[in-house]
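Participant: So that you have it, the file is my_file.cif, and it contains mmCIF, C-alpha atoms:
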```cif
data_start
loop_
_atom_site.group_PDB
_atom_site.id
_atom_site.type_symbol
_atom_site.label_atom_id
_atom_site.label_comp_id
_atom_site.auth_asym_id
_atom_site.auth_seq_id
_atom_site.Cartn_x
_atom_site.Cartn_y
_atom_site.Cartn_z
ATOM 1 C CA MET A 1 -12.506 -18.188 -4.932
ATOM 2 C CA ASP A 2 -10.325 -16.745 -7.723
ATOM 3 C CA ARG A 3 -8.574 -13.391 -7.431
ATOM 4 C CA GLN A 4 -10.780 -11.652 -9.992
ATOM 5 C CA ARG A 5 -13.883 -12.625 -8.035
ATOM 6 C CA VAL A 6 -12.311 -11.393 -4.762
ATOM 7 C CA ARG A 7 -11.497 -8.037 -6.384
ATOM 8 C CA GLN A 8 -15.052 -7.671 -7.706
ATOM 9 C CA LEU A 9 -16.504 -8.350 -4.253
ATOM 10 C CA VAL A 10 -14.181 -5.835 -2.594
ATOM 11 C CA GLN A 11 -15.020 -3.146 -5.157
ATOM 12 C CA ARG A 12 -18.745 -3.821 -4.783
ATOM 13 C CA ALA A 13 -18.494 -3.565 -0.996
ATOM 14 C CA SER A 14 -16.629 -0.275 -1.325
ATOM 15 C CA THR A 15 -19.342 1.111 -3.593
ATOM 16 C CA LEU A 16 -22.088 0.069 -1.195
ATOM 17 C CA VAL A 17 -20.346 1.695 1.761
ATOM 18 C CA PHE A 18 -19.087 4.893 0.148
ATOM 19 C CA GLY A 19 -21.218 5.301 -2.961
ATOM 20 C CA ALA A 20 -20.186 5.190 -6.588
ATOM 21 C CA ARG A 21 -18.857 8.744 -6.451
ATOM 22 C CA ARG A 22 -17.153 10.621 -3.697
ATOM 23 C CA THR A 23 -16.777 14.324 -3.129
ATOM 24 C CA ALA A 24 -13.540 15.393 -1.516
ATOM 25 C CA HIS A 25 -13.559 17.170 1.805
ATOM 26 C CA PRO A 26 -13.793 20.942 1.091
ATOM 27 C CA CYS A 27 -10.322 21.466 2.511
ATOM 28 C CA PHE A 28 -8.822 19.162 -0.125
ATOM 29 C CA ARG A 29 -10.700 19.852 -3.342
ATOM 30 C CA ARG A 30 -7.583 21.255 -4.978
ATOM 31 C CA SER A 31 -6.166 17.733 -5.273
ATOM 32 C CA ILE A 32 -8.879 16.564 -7.679
ATOM 33 C CA SER A 33 -7.117 17.850 -10.808
ATOM 34 C CA THR A 34 -4.048 15.608 -10.426
ATOM 35 C CA SER A 35 -4.087 12.485 -12.606
ATOM 36 C CA PHE A 36 -1.726 9.515 -12.417
ATOM 37 C CA PRO A 37 -0.699 7.061 -15.147
ATOM 38 C CA ASP A 38 -1.083 3.302 -14.643
ATOM 39 C CA ASP A 39 2.315 2.496 -16.172
ATOM 40 C CA LEU A 40 4.839 2.174 -13.345
ATOM 41 C CA LYS A 41 7.687 3.890 -15.195
ATOM 42 C CA LEU A 42 5.500 6.854 -16.115
ATOM 43 C CA LEU A 43 4.065 6.959 -12.596
ATOM 44 C CA ARG A 44 7.538 6.971 -11.076
ATOM 45 C CA ALA A 45 8.545 9.861 -13.332
ATOM 46 C CA LYS A 46 5.440 11.872 -12.426
ATOM 47 C CA ILE A 47 5.660 11.540 -8.653
ATOM 48 C CA ARG A 48 9.393 12.264 -8.680
ATOM 49 C CA GLU A 49 8.433 15.937 -9.007
ATOM 50 C CA LEU A 50 6.329 15.976 -5.826
ATOM 51 C CA GLY A 51 7.671 16.760 -2.374
ATOM 52 C CA ALA A 52 11.031 16.974 -0.656
ATOM 53 C CA GLY A 53 13.469 14.594 0.997
ATOM 54 C CA ASN A 54 15.569 11.900 -0.590
ATOM 55 C CA VAL A 55 16.522 8.235 -0.360
ATOM 56 C CA GLU A 56 20.227 7.437 -0.552
ATOM 57 C CA LEU A 57 22.025 4.155 -1.256
ATOM 58 C CA ASP A 58 25.550 3.298 -0.117
ATOM 59 C CA LEU A 59 26.561 -0.024 -1.664
ATOM 60 C CA LYS A 60 29.816 -0.113 0.327
ATOM 61 C CA TYR A 61 28.628 0.855 3.782
ATOM 62 C CA ALA A 62 30.417 -2.146 5.330
ATOM 63 C CA PRO A 63 31.934 -5.351 3.918
ATOM 64 C CA GLY A 64 29.055 -7.246 2.315
ATOM 65 C CA ILE A 65 26.467 -4.721 3.536
ATOM 66 C CA ALA A 66 24.644 -1.860 1.777
ATOM 67 C CA LEU A 67 22.854 1.001 3.526
ATOM 68 C CA VAL A 68 19.627 2.745 2.489
ATOM 69 C CA THR A 69 18.908 6.044 4.247
ATOM 70 C CA LEU A 70 15.591 7.908 4.364
ATOM 71 C CA ARG A 71 16.242 11.654 4.617
ATOM 72 C CA ASN A 72 13.360 14.017 5.356
ATOM 73 C CA GLN A 73 14.043 15.098 8.922
ATOM 74 C CA GLU A 74 11.701 18.099 8.866
ATOM 75 C CA LYS A 75 8.833 15.607 8.378
ATOM 76 C CA ARG A 76 10.306 12.918 10.661
ATOM 77 C CA ASN A 77 11.444 11.024 7.555
ATOM 78 C CA ALA A 78 7.918 10.753 6.175
ATOM 79 C CA LEU A 79 7.928 9.483 2.605
ATOM 80 C CA SER A 80 7.084 12.085 -0.014
ATOM 81 C CA PRO A 81 6.104 10.909 -3.519
ATOM 82 C CA LYS A 82 9.601 11.970 -4.633
ATOM 83 C CA MET A 83 11.092 9.630 -2.034
ATOM 84 C CA MET A 84 8.802 6.808 -3.169
ATOM 85 C CA ALA A 85 10.233 7.159 -6.676
ATOM 86 C CA GLU A 86 13.774 7.224 -5.301
ATOM 87 C CA LEU A 87 13.117 4.129 -3.164
ATOM 88 C CA ALA A 88 12.055 2.335 -6.348
ATOM 89 C CA ASP A 89 15.336 3.508 -7.940
ATOM 90 C CA VAL A 90 17.261 2.096 -4.994
ATOM 91 C CA VAL A 91 15.591 -1.293 -5.394
ATOM 92 C CA ASP A 92 16.565 -1.210 -9.091
ATOM 93 C CA SER A 93 20.207 -0.679 -8.096
ATOM 94 C CA LEU A 94 20.131 -3.397 -5.429
ATOM 95 C CA GLU A 95 18.630 -5.874 -7.879
ATOM 96 C CA VAL A 96 21.511 -5.239 -10.266
ATOM 97 C CA ALA A 97 24.195 -5.259 -7.559
ATOM 98 C CA SER A 98 22.988 -8.536 -6.045
ATOM 99 C CA THR A 99 22.241 -10.485 -9.230
ATOM 100 C CA ALA A 100 24.600 -9.184 -11.928
ATOM 101 C CA THR A 101 27.469 -11.530 -10.998
ATOM 102 C CA ASP A 102 27.812 -14.535 -8.740
ATOM 103 C CA ASP A 103 31.078 -13.175 -7.345
ATOM 104 C CA SER A 104 29.387 -10.128 -5.779
ATOM 105 C CA SER A 105 30.254 -9.851 -2.082
ATOM 106 C CA LEU A 106 26.955 -8.165 -1.209
ATOM 107 C CA VAL A 107 24.904 -10.144 1.317
ATOM 108 C CA GLY A 108 22.804 -7.707 3.339
ATOM 109 C CA VAL A 109 21.150 -4.290 3.352
ATOM 110 C CA ILE A 110 20.117 -1.995 6.207
ATOM 111 C CA LEU A 111 17.179 0.397 5.950
ATOM 112 C CA HIS A 112 17.186 3.314 8.379
ATOM 113 C CA GLY A 113 15.980 6.877 8.817
ATOM 114 C CA GLU A 114 18.288 9.831 9.277
ATOM 115 C CA GLY A 115 18.393 11.241 12.795
ATOM 116 C CA GLN A 116 16.187 9.952 15.585
ATOM 117 C CA THR A 117 13.185 8.666 13.612
ATOM 118 C CA PHE A 118 12.858 5.681 11.287
ATOM 119 C CA CYS A 119 9.843 6.824 9.233
ATOM 120 C CA SER A 120 6.552 8.509 10.144
ATOM 121 C CA GLY A 121 4.625 7.244 7.114
ATOM 122 C CA PHE A 122 3.317 9.323 4.218
ATOM 123 C CA ASP A 123 4.217 13.022 3.990
ATOM 124 C CA LEU A 124 0.847 14.731 4.519
ATOM 125 C CA SER A 125 2.199 18.126 3.462
ATOM 126 C CA VAL A 126 2.278 16.778 -0.107
ATOM 127 C CA ALA A 127 -0.988 14.904 0.288
ATOM 128 C CA ARG A 128 -3.020 18.105 0.644
ATOM 129 C CA SER A 129 -2.405 19.294 -2.916
ATOM 130 C CA HIS A 130 -1.861 16.058 -4.828
ATOM 131 C CA PHE A 131 -2.725 12.830 -3.041
ATOM 132 C CA LEU A 132 -6.161 12.920 -1.449
ATOM 133 C CA THR A 133 -8.357 11.425 -4.159
ATOM 134 C CA PRO A 134 -9.190 7.749 -4.677
ATOM 135 C CA GLU A 135 -7.162 7.885 -7.912
ATOM 136 C CA ALA A 136 -4.140 9.189 -6.009
ATOM 137 C CA GLY A 137 -4.566 6.452 -3.391
ATOM 138 C CA LYS A 138 -4.554 3.862 -6.165
ATOM 139 C CA ALA A 139 -1.359 5.337 -7.628
ATOM 140 C CA MET A 140 0.388 5.370 -4.243
ATOM 141 C CA THR A 141 -0.513 1.809 -3.321
ATOM 142 C CA HIS A 142 0.376 0.653 -6.846
ATOM 143 C CA ILE A 143 3.940 1.924 -6.753
ATOM 144 C CA MET A 144 4.627 1.128 -3.080
ATOM 145 C CA ASN A 145 3.297 -2.429 -3.305
ATOM 146 C CA HIS A 146 5.433 -3.025 -6.370
ATOM 147 C CA THR A 147 8.536 -1.478 -4.797
ATOM 148 C CA LEU A 148 8.234 -3.242 -1.435
ATOM 149 C CA GLY A 149 7.339 -6.517 -3.129
ATOM 150 C CA ARG A 150 10.613 -6.311 -5.062
ATOM 151 C CA TRP A 151 12.471 -5.205 -1.922
ATOM 152 C CA LYS A 152 11.224 -8.245 -0.027
ATOM 153 C CA LYS A 153 12.313 -10.573 -2.848
ATOM 154 C CA LEU A 154 15.842 -9.191 -3.094
ATOM 155 C CA PRO A 155 18.421 -11.966 -2.621
ATOM 156 C CA LEU A 156 19.801 -9.915 0.257
ATOM 157 C CA ILE A 157 19.150 -10.171 3.985
ATOM 158 C CA SER A 158 17.376 -6.932 4.922
ATOM 159 C CA VAL A 159 17.299 -5.291 8.351
ATOM 160 C CA ALA A 160 15.180 -2.336 9.438
ATOM 161 C CA ALA A 161 17.185 -0.265 11.942
ATOM 162 C CA VAL A 162 14.293 1.295 13.860
ATOM 163 C CA GLU A 163 15.228 4.369 15.863
ATOM 164 C CA GLY A 164 12.400 6.470 17.312
ATOM 165 C CA PHE A 165 9.078 6.012 15.513
ATOM 166 C CA ALA A 166 7.943 3.699 12.715
ATOM 167 C CA LEU A 167 4.387 4.935 12.140
ATOM 168 C CA GLY A 168 1.763 3.985 9.546
ATOM 169 C CA GLY A 169 3.623 3.512 6.285
ATOM 170 C CA GLY A 170 6.839 3.495 8.319
ATOM 171 C CA ALA A 171 5.601 0.411 10.144
ATOM 172 C CA GLU A 172 4.858 -1.155 6.744
ATOM 173 C CA LEU A 173 8.435 -0.423 5.651
ATOM 174 C CA ALA A 174 9.746 -2.089 8.805
ATOM 175 C CA VAL A 175 7.804 -5.324 8.298
ATOM 176 C CA SER A 176 8.861 -5.499 4.640
ATOM 177 C CA CYS A 177 12.375 -6.267 5.909
ATOM 178 C CA ASP A 178 13.575 -9.727 6.911
ATOM 179 C CA HIS A 179 14.639 -8.542 10.369
ATOM 180 C CA ARG A 180 14.088 -5.593 12.682
ATOM 181 C CA VAL A 181 16.566 -4.125 15.168
ATOM 182 C CA MET A 182 14.919 -1.578 17.477
ATOM 183 C CA SER A 183 16.355 0.948 19.883
ATOM 184 C CA LYS A 184 15.128 0.641 23.457
ATOM 185 C CA ALA A 185 12.809 3.652 23.122
ATOM 186 C CA ALA A 186 11.578 2.899 19.596
ATOM 187 C CA ILE A 187 7.884 2.531 18.795
ATOM 188 C CA ILE A 188 6.167 0.681 15.951
ATOM 189 C CA ARG A 189 2.553 1.681 15.400
ATOM 190 C CA PHE A 190 0.132 0.875 12.593
ATOM 191 C CA VAL A 191 -2.018 4.018 12.748
ATOM 192 C CA GLN A 192 -4.037 3.334 9.592
ATOM 193 C CA VAL A 193 -7.357 2.739 11.375
ATOM 194 C CA LYS A 194 -7.014 6.178 12.977
ATOM 195 C CA MET A 195 -6.775 7.583 9.446
ATOM 196 C CA GLY A 196 -9.893 5.714 8.294
ATOM 197 C CA VAL A 197 -7.987 3.341 5.988
ATOM 198 C CA VAL A 198 -6.257 -0.029 5.986
ATOM 199 C CA THR A 199 -2.617 -0.819 5.284
ATOM 200 C CA GLY A 200 -1.925 0.137 1.673
ATOM 201 C CA TRP A 201 1.689 -0.892 1.107
ATOM 202 C CA GLY A 202 1.383 -4.591 1.913
ATOM 203 C CA GLY A 203 2.134 -4.311 5.622
ATOM 204 C CA GLY A 204 -1.072 -5.999 6.757
ATOM 205 C CA HIS A 205 -0.498 -9.364 5.168
ATOM 206 C CA ARG A 206 3.243 -9.197 5.895
ATOM 207 C CA LEU A 207 2.610 -8.641 9.612
ATOM 208 C CA THR A 208 0.148 -11.547 9.584
ATOM 209 C CA GLY A 209 2.928 -13.677 8.111
ATOM 210 C CA LEU A 210 5.295 -12.677 10.908
ATOM 211 C CA LEU A 211 3.034 -13.027 13.952
ATOM 212 C CA PRO A 212 0.206 -15.288 15.153
ATOM 213 C CA ARG A 213 -3.158 -14.138 13.827
ATOM 214 C CA ASN A 214 -4.481 -12.805 17.144
ATOM 215 C CA HIS A 215 -1.429 -10.606 17.728
ATOM 216 C CA ALA A 216 -1.431 -9.298 14.152
ATOM 217 C CA LEU A 217 -5.138 -8.458 14.386
ATOM 218 C CA ARG A 218 -4.669 -6.553 17.657
ATOM 219 C CA ILE A 219 -1.722 -4.573 16.292
ATOM 220 C CA LEU A 220 -3.498 -3.698 13.040
ATOM 221 C CA GLY A 221 -7.032 -3.226 14.340
ATOM 222 C CA SER A 222 -6.491 -1.319 17.595
ATOM 223 C CA ALA A 223 -3.328 0.658 16.743
ATOM 224 C CA PRO A 224 -1.368 0.086 19.984
ATOM 225 C CA LYS A 225 2.024 1.713 20.459
ATOM 226 C CA LEU A 226 4.297 -1.309 20.232
ATOM 227 C CA ALA A 227 7.390 -0.696 22.341
ATOM 228 C CA ALA A 228 10.677 -2.410 21.561
ATOM 229 C CA ASP A 229 10.547 -4.854 24.478
ATOM 230 C CA GLU A 230 7.037 -6.014 23.569
ATOM 231 C CA ALA A 231 7.969 -6.283 19.899
ATOM 232 C CA HIS A 232 10.953 -8.424 20.880
ATOM 233 C CA LYS A 233 8.811 -10.618 23.098
ATOM 234 C CA LEU A 234 6.351 -11.165 20.244
ATOM 235 C CA GLY A 235 9.167 -11.957 17.810
ATOM 236 C CA LEU A 236 8.602 -8.874 15.670
ATOM 237 C CA ALA A 237 11.923 -7.340 16.734
ATOM 238 C CA ASP A 238 14.988 -9.556 16.421
ATOM 239 C CA ALA A 239 17.142 -7.427 18.712
ATOM 240 C CA VAL A 240 16.846 -4.404 21.023
ATOM 241 C CA CYS A 241 19.745 -2.021 21.583
ATOM 242 C CA PRO A 242 20.481 1.313 23.297
ATOM 243 C CA GLY A 243 19.295 4.480 21.594
ATOM 244 C CA GLY A 244 21.534 5.784 18.829
ATOM 245 C CA SER A 245 23.161 2.404 18.155
ATOM 246 C CA THR A 246 20.726 0.687 15.791
ATOM 247 C CA LEU A 247 23.036 1.009 12.771
ATOM 248 C CA LYS A 248 25.949 -0.607 14.585
ATOM 249 C CA ALA A 249 23.669 -3.294 16.046
ATOM 250 C CA SER A 250 22.164 -4.003 12.616
ATOM 251 C CA GLU A 251 25.621 -4.364 11.095
ATOM 252 C CA GLU A 252 26.601 -6.793 13.866
ATOM 253 C CA PHE A 253 23.359 -8.706 13.297
ATOM 254 C CA LEU A 254 24.094 -9.058 9.582
ATOM 255 C CA ASN A 255 27.662 -10.196 10.223
ATOM 256 C CA ALA A 256 26.198 -13.543 11.278
ATOM 257 C CA TYR A 257 25.284 -14.029 7.578
ATOM 258 C CA ILE A 258 28.809 -13.079 6.445
ATOM 259 C CA THR A 259 31.166 -15.021 8.723
ATOM 260 C CA ASP A 260 30.878 -18.068 10.958
ATOM 261 C CA SER A 261 30.788 -16.842 14.553
ATOM 262 C CA HIS A 262 32.496 -20.063 15.747
ATOM 263 C CA ASP A 263 35.611 -20.156 13.590
ATOM 264 C CA GLY A 264 35.534 -16.834 11.714
ATOM 265 C CA ALA A 265 35.392 -18.475 8.298
ATOM 266 C CA ALA A 266 33.636 -16.453 5.612
ATOM 267 C CA TYR A 267 30.451 -17.807 4.067
ATOM 268 C CA VAL A 268 30.128 -17.841 0.292
ATOM 269 C CA PRO A 269 27.967 -14.772 -0.519
ATOM 270 C CA ALA A 270 26.280 -16.473 -3.463
ATOM 271 C CA ALA A 271 25.215 -19.331 -1.181
ATOM 272 C CA VAL A 272 23.693 -16.953 1.369
ATOM 273 C CA ARG A 273 21.861 -15.081 -1.387
ATOM 274 C CA GLY A 274 20.666 -18.437 -2.711
ATOM 275 C CA MET A 275 19.208 -19.315 0.686
ATOM 276 C CA LYS A 276 17.342 -16.012 0.715
ATOM 277 C CA ARG A 277 15.908 -16.859 -2.728
ATOM 278 C CA ILE A 278 14.690 -20.211 -1.419
ATOM 279 C CA VAL A 279 12.940 -18.606 1.534
ATOM 280 C CA SER A 280 11.474 -15.885 -0.704
ATOM 281 C CA GLN A 281 9.829 -18.528 -2.882
ATOM 282 C CA MET A 282 7.622 -19.388 0.091
ATOM 283 C CA ASP A 283 6.279 -15.819 0.203
ATOM 284 C CA ASP A 284 3.683 -16.115 -2.558
ATOM 285 C CA ASP A 285 1.622 -13.196 -1.309
ATOM 286 C CA HIS A 286 0.336 -11.760 -4.596
ATOM 287 C CA GLY A 287 -3.295 -12.701 -3.968
ATOM 288 C CA ARG A 288 -3.278 -11.246 -0.464
ATOM 289 C CA ALA A 289 -1.592 -8.092 -1.742
ATOM 290 C CA VAL A 290 -4.349 -7.580 -4.338
ATOM 291 C CA VAL A 291 -7.079 -7.765 -1.686
ATOM 292 C CA GLU A 292 -5.193 -5.373 0.599
ATOM 293 C CA LYS A 293 -4.620 -2.878 -2.238
ATOM 294 C CA ASP A 294 -8.289 -2.956 -3.251
ATOM 295 C CA LEU A 295 -9.468 -2.392 0.309
ATOM 296 C CA PHE A 296 -7.086 0.547 0.689
ATOM 297 C CA CYS A 297 -8.273 2.102 -2.580
ATOM 298 C CA GLY A 298 -11.879 1.740 -1.408
ATOM 299 C CA LEU A 299 -11.131 3.776 1.729
ATOM 300 C CA TRP A 300 -8.521 6.342 0.664
ATOM 301 C CA GLY A 301 -10.198 9.619 -0.215
ATOM 302 C CA SER A 302 -13.422 8.750 1.604
ATOM 303 C CA PRO A 303 -14.978 11.454 3.828
ATOM 304 C CA ALA A 304 -13.795 9.705 6.998
ATOM 305 C CA ASN A 305 -10.248 9.410 5.667
ATOM 306 C CA LEU A 306 -10.113 13.047 4.554
ATOM 307 C CA GLU A 307 -11.428 14.278 7.889
ATOM 308 C CA ALA A 308 -8.813 12.194 9.754
ATOM 309 C CA LEU A 309 -6.032 13.501 7.536
ATOM 310 C CA ASN A 310 -7.233 17.067 8.030
ATOM 311 C CA LYS A 311 -7.107 16.615 11.813
ATOM 312 C CA ALA A 312 -3.634 15.081 11.571
ATOM 313 C CA ARG A 313 -2.371 18.062 9.561
ATOM 314 C CA ARG A 314 -3.806 20.538 12.081
ATOM 315 C CA LYS A 315 -1.841 18.848 14.882
ATOM 316 C CA LYS A 316 1.475 19.409 13.093
#
```
Since I need it in another form, could you write the structure as structure tokens?
Facilitator:
Amino acid sequence: MDRQRVRQLVQRASTLVFGARRTAHPCFRRSISTSFPDDLKLLRAKIRELGAGNVELDLKYAPGIALVTLRNQEKRNALSPKMMAELADVVDSLEVASTATDDSSLVGVILHGEGQTFCSGFDLSVARSHFLTPEAGKAMTHIMNHTLGRWKKLPLISVAAVEGFALGGGAELAVSCDHRVMSKAAIIRFVQVKMGVVTGWGGGHRLTGLLPRNHALRILGSAPKLAADEAHKLGLADAVCPGGSTLKASEEFLNAYITDSHDGAAYVPAAVRGMKRIVSQMDDDHGRAVVEKDLFCGLWGSPANLEALNKARRKK
């Protein structure tokens, strides 16, 4: 079945379940007036104005290793639209730094959250006024799928340094990396079904590519709290370390791609990046990403989703 036909079937199913038109939950009707452009550059510019927090890039964190830091501690490093735009900027910079010249020494990149939490998903404090319509859901999944798709294809070995919680969209960020290093007390949890939606940033099909089908289905469909030891046993976490040491452990993990552990000889960075490109060519996930995006758009902004988001906001 071709992709266009799959998209038509998904959209038709969404219409049958939710109706051709949806009325926002009364608590969120203010968000209806916000419109979002389809063009990614214009969309990035528009959402850059929304929310707090920032995403920082250090290209010289360690020899051969860059560091990307999510900073929004008041919201447990939840991604605001502003941070989504900045994450896209960071990927732009990493693409240039890793492909501009063959003599670049850059080999790896670490993604981590400031403080004691990796990322708690989407910042719901911004969602209330701007991001609770189906159109807004489409805009969010559009930019995040594009950004994380490019992140995954970077010719750099990526490691998610997971301290504390990686929830919802944070779990999707974690599985977009090549490897995951978790602190002993860290938790990965795909909470999307509790919010009345599916994964919207590509995390569903990426998790299914990392784990056997039955494990991926359980993790996505029943939202268990996946502790570090279980994640390591399943193969989702590549290493587990004491709390507060995920950055150091991630750096040590990446050093295996920089120097030979047996004789200490340095690998040629361009060769390592070339190997990553070869492996990335096997990740032709565009068709699966389209289906996942369409399903998310069919659920985001539905009455069940809005009610779940309203309950989540009341708990905070």
Participant: Please produce, as a tab-separated table, a per-residue contact table for range 140-232 of chain A versus range 109-131 of chain A (criterion: any atom at most 9 Å away, all atoms listed in the file considered), showing the nearest atom pair and its distance in Å to one decimal, sorted by chain then residue number.
Facilitator:
```
residue	atom	partner	partner_atom	distance
A:Met140	CA	A:Phe131	CA	8.2
A:Leu156	CA	A:Val109	CA	6.6
A:Ile157	CA	A:Val109	CA	6.2
A:Ser158	CA	A:Val109	CA	4.9
A:Val159	CA	A:Ile110	CA	4.8
A:Ala160	CA	A:Leu111	CA	4.9
A:Ala161	CA	A:His112	CA	5.1
A:Val162	CA	A:Phe118	CA	5.3
A:Glu163	CA	A:Thr117	CA	5.3
A:Gly164	CA	A:Thr117	CA	4.4
A:Phe165	CA	A:Thr117	CA	5.2
A:Ala166	CA	A:Cys119	CA	5.0
A:Leu167	CA	A:Ser120	CA	4.6
A:Gly168	CA	A:Gly121	CA	5.0
A:Gly169	CA	A:Gly121	CA	4.0
A:Gly170	CA	A:Gly121	CA	4.5
A:Ala171	CA	A:Gly121	CA	7.5
A:Glu172	CA	A:Gly121	CA	8.4
A:Leu173	CA	A:Cys119	CA	8.2
A:Ala174	CA	A:Leu111	CA	8.3
A:Cys177	CA	A:Leu111	CA	8.2
A:Ala186	CA	A:Thr117	CA	8.5
```
Participant: Just to confirm, what's the straight-line distance from CA of Trp300 in chain A to CA of Asp178 in chain A in Å (one decimal)?
Facilitator: 28.0 Å
Participant: Which residues come within 10 Å of Ala237 in chain A, counting all atoms listed in the file, excluding same-chain residues fewer than 3 positions away, as an MDAnalysis selection string?
Facilitator: chainID A and resid 160 162 174:175 179:183 188 227:234 240
Participant: Skip Asp39 in chain A itself and residues of its chain fewer than 2 positions away, then list as a PyMOL selection string all residues within 12 Å of it, counting all atoms listed in the file.
Facilitator: chain A and resi 36-37+41-46+139+142-143+146
Participant: Could you tell me which of A:Gly53, A:Pro269, A:Gly149, A:Gly202 comes closest to Ile65 in chain A if we count only C-alpha atoms?
Facilitator: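 Going through A:Gly53, A:Pro269, A:Gly149, A:Gly202 one by one, the smallest distance to Ile65 in chain A is for A:Pro269.
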Participant: In Å, rounded to a single decimal, give me how far CA of Ala62 in chain A is from CA of Ser250 in chain A.
Facilitator: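 A separation of 11.2 Å between them.
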Participant: When you look at Ala266 in chain A with a cut-off of 12 Å (counting all atoms listed in the file), what residues show up, excluding the ones that are within fewer than 5 positions of it in the same chain? I need them as a list in words.
Facilitator: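 In the requested format, the answer is Pro63, Gly64, Ser105, Val107, Asn255, Ala256, Tyr257, Ile258, Thr259, Asp260, Ser261, Ala271 and Val272 of chain A.
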Participant: Measure the distance from CA of Gly203 in chain A to CA of Ala312 in chain A in Å and round it to one decimal.
Facilitator: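 CA of Ala312 in chain A lies at a distance of 21.1 Å from CA of Gly203 in chain A.
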